[in-house]
Amino acid sequence: MKNEIIWKRKLTKEERRQVSELLKQVENIQSVYHKLDLNFSEEEKSYATHLLYWEGDQLKGYVWCTSFDVSSLEATMIVPDSKVVLSVLLKEVKLYSEKNNIKEILFIVDSSHLFLTKYLINNQCKLLFSEYYMKFQMDTLVDSLSAAVSLVQPKSVNLPDLELLLEGEPLEEDLINTLIYKEEGELLACIRLEEASGLWGIYGFVVNANYRGKGIGRKVLSAVLHSIKEKNPAGIYLEVETKNVPAYQLYLSEGFQVRNQYNYYVLKY
């Protein structure tokens, strides 16, 4: 039976099952985590695509690729300790990027994944930055006045200010899950929530630069945590750059703990 490489926008039920099995196998053997939520990737996304590498009827490698910027691609690779499979996947991701005029690829790797890290470095990839993956400890949440802060969905009149705050145009599908905080008509903060199978992720959390250090971030975060807790979540998580010390300290003080660290290795053209 021949080897086969497939690019797809949406996985079938059977393909999802095999990706899930490969994910568990690799994580159990290598004691690592992957930046991949199969529930989140269940529906077709305009900014995402799947790469599957088959040897006969067995899935041997998988890559979850996302592109939020036309010039950049993020890739999470699930692969056993096989240089042969890694070589195939890396080649395919490079070809895909060249075909789509992508100028840089960001490979997202658990800092404990030494085999993949060494392979990428040996293939001209350089560490760009790192993020902590943090999980919320539900029993640390207590009632507070900040929980009463009102967050609302943005309207069309808010979009110009939101674009300035985010330093770019938000994706239309992200706006559905975005909340903003205003005082006296001025946009002070925004935050985006994503939910899949009861697991809630916090993304795009930005506070107006002129109001940082004034407790705005803590108010917004506390309000969001209280709101999510009312929905009996399976868990709450977020990611923060390791160099963003103020945000990291805020998350620690609000009850988040570091589960693992993701390193971003860049390959430029």
# chains A, B, ... in the order shown; residues from 1 in each chain; ligands from 1
$ closest_atom_pairs --of "range 60-160 of chain A" --to "range 18-34 of chain A" --cutoff "12 Å" --atoms "only C-alpha atoms" --output "tab-separated table"
residue	atom	partner	partner_atom	distance
A:Lys60	CA	A:Leu22	CA	7.5
A:Gly61	CA	A:Leu22	CA	7.8
A:Tyr62	CA	A:Val19	CA	7.0
A:Val63	CA	A:Val19	CA	9.6
A:Trp64	CA	A:His34	CA	10.2
A:Ala75	CA	A:His34	CA	10.5
A:Thr76	CA	A:His34	CA	6.9
A:Met77	CA	A:His34	CA	7.9
A:Ile78	CA	A:Leu23	CA	6.4
A:Val79	CA	A:Val26	CA	6.8
A:Pro80	CA	A:Val26	CA	5.8
A:Asp81	CA	A:Val26	CA	8.5
A:Ser82	CA	A:Val26	CA	11.3
A:Phe107	CA	A:His34	CA	11.0
A:Ile108	CA	A:His34	CA	8.0
A:Val109	CA	A:His34	CA	7.0
A:Asp110	CA	A:Tyr33	CA	6.0
A:Ser111	CA	A:Val32	CA	8.3
A:Ser112	CA	A:Val32	CA	6.1
A:His113	CA	A:Val32	CA	6.1
A:Leu114	CA	A:Gln30	CA	9.0
A:Phe115	CA	A:Gln30	CA	9.0
A:Leu116	CA	A:Gln30	CA	10.4
A:Thr117	CA	A:Val32	CA	11.9
A:Tyr132	CA	A:Tyr33	CA	11.9
A:Tyr133	CA	A:Tyr33	CA	9.9
$ closest_atom_pairs --of "range 95-184 of chain A" --to "range 197-208 of chain A" --cutoff "12 Å" --atoms "only C-alpha atoms" --output "Markdown table"
| residue | atom | partner | partner_atom | distance |
| --- | --- | --- | --- | --- |
| A:Tyr133 | CA | A:Gly201 | CA | 10.5 |
| A:Met134 | CA | A:Gly201 | CA | 10.0 |
| A:Lys135 | CA | A:Gly201 | CA | 9.4 |
| A:Phe136 | CA | A:Trp200 | CA | 10.1 |
| A:Asp161 | CA | A:Asn208 | CA | 10.2 |
| A:Leu162 | CA | A:Val206 | CA | 9.9 |
| A:Glu163 | CA | A:Val206 | CA | 11.3 |
| A:Leu164 | CA | A:Asn208 | CA | 9.3 |
| A:Leu165 | CA | A:Asn208 | CA | 6.4 |
| A:Leu166 | CA | A:Val206 | CA | 7.1 |
| A:Glu167 | CA | A:Val206 | CA | 10.1 |
| A:Gly168 | CA | A:Gly204 | CA | 11.6 |
| A:Pro170 | CA | A:Gly204 | CA | 9.7 |
| A:Leu171 | CA | A:Gly204 | CA | 11.5 |
| A:Asp174 | CA | A:Gly204 | CA | 9.5 |
| A:Leu175 | CA | A:Gly204 | CA | 10.7 |
| A:Asn177 | CA | A:Tyr203 | CA | 9.8 |
| A:Thr178 | CA | A:Gly204 | CA | 8.3 |
| A:Leu179 | CA | A:Phe205 | CA | 9.5 |
| A:Ile180 | CA | A:Val206 | CA | 9.6 |
| A:Tyr181 | CA | A:Val207 | CA | 9.2 |
| A:Lys182 | CA | A:Asn208 | CA | 10.3 |
| A:Glu183 | CA | A:Asn208 | CA | 11.6 |
$ closest_residue --among "A:Gln137, A:Thr12, A:Ser71, A:Asn39" --to "Leu225 in chain A" --atoms "only C-alpha atoms"
A:Gln137
$ select_by_dssp --residues "range 41-217 of chain A" --states "strand (DSSP E)" --output "PyMOL selection string"
chain A and resi 48-55+58-69+72-78+104-110+126-136+178-183+186-196+199-207
$ closest_residue --among "A:Ile176, A:Ala247, A:Val152, A:Val70" --to "Glu131 in chain A" --atoms "only C-alpha atoms"
A:Ala247
$ closest_residue --among "A:Leu250, A:Leu90, A:Ile105, A:Val245" --to "Asp69 in chain A" --atoms "only C-alpha atoms"
A:Ile105
$ closest_residue --among "A:Leu238, A:Leu141, A:Ile5, A:Ala209" --to "Arg192 in chain A" --atoms "only C-alpha atoms"
A:Leu238
$ select_by_dssp --residues "range 185-265 of chain A" --states "alpha helix (DSSP H)" --output "list in words"
Ile216, Gly217, Arg218, Lys219, Val220, Leu221, Ser222, Ala223, Val224, Leu225, His226, Ser227, Ile228, Lys229, Val245, Pro246, Ala247, Tyr248, Gln249, Leu250, Tyr251, Leu252 and Ser253 of chain A
$ closest_residue --among "A:Ala234, A:Leu120, A:Leu151, A:Val240" --to "Lys219 in chain A" --atoms "only C-alpha atoms"
A:Leu151
$ closest_residue --among "A:Arg16, A:Lys83, A:Arg9, A:Lys214" --to "Tyr47 in chain A" --atoms "only C-alpha atoms"
A:Arg9
$ residues_around --residues "Lys94 in chain A" --least-positions-apart "5" --cutoff "10 Å" --atoms "only C-alpha atoms" --output "ChimeraX atom specification"
/A:89,99-100,102,104-105,267,269
$ write_last_selection --atoms "C-alpha atoms" --output "PDB file, in the first residue's frame"
ATOM      1  CA  LEU A  89       5.831  16.799   6.933  1.00  0.00           C
ATOM      2  CA  LYS A  99       2.487  28.025  -3.013  1.00  0.00           C
ATOM      3  CA  ASN A 100       0.498  30.451  -0.829  1.00  0.00           C
ATOM      4  CA  ILE A 102       3.735  32.721   3.011  1.00  0.00           C
ATOM      5  CA  GLU A 104       7.451  32.616   7.510  1.00  0.00           C
ATOM      6  CA  ILE A 105       6.376  29.437   9.288  1.00  0.00           C
ATOM      7  CA  LEU A 267      11.509  29.484   9.441  1.00  0.00           C
ATOM      8  CA  TYR A 269      11.944  32.614   3.313  1.00  0.00           C
TER       9      TYR A 269
END
$ atom_distance --atom1 "CA of Leu128 in chain A" --atom2 "CA of Asn210 in chain A"
27.6 Å
$ atom_distance --atom1 "CA of Ser150 in chain A" --atom2 "CA of Ala189 in chain A"
11.5 Å
$ atom_distance --atom1 "CA of Leu38 in chain A" --atom2 "CA of His226 in chain A"
25.9 Å
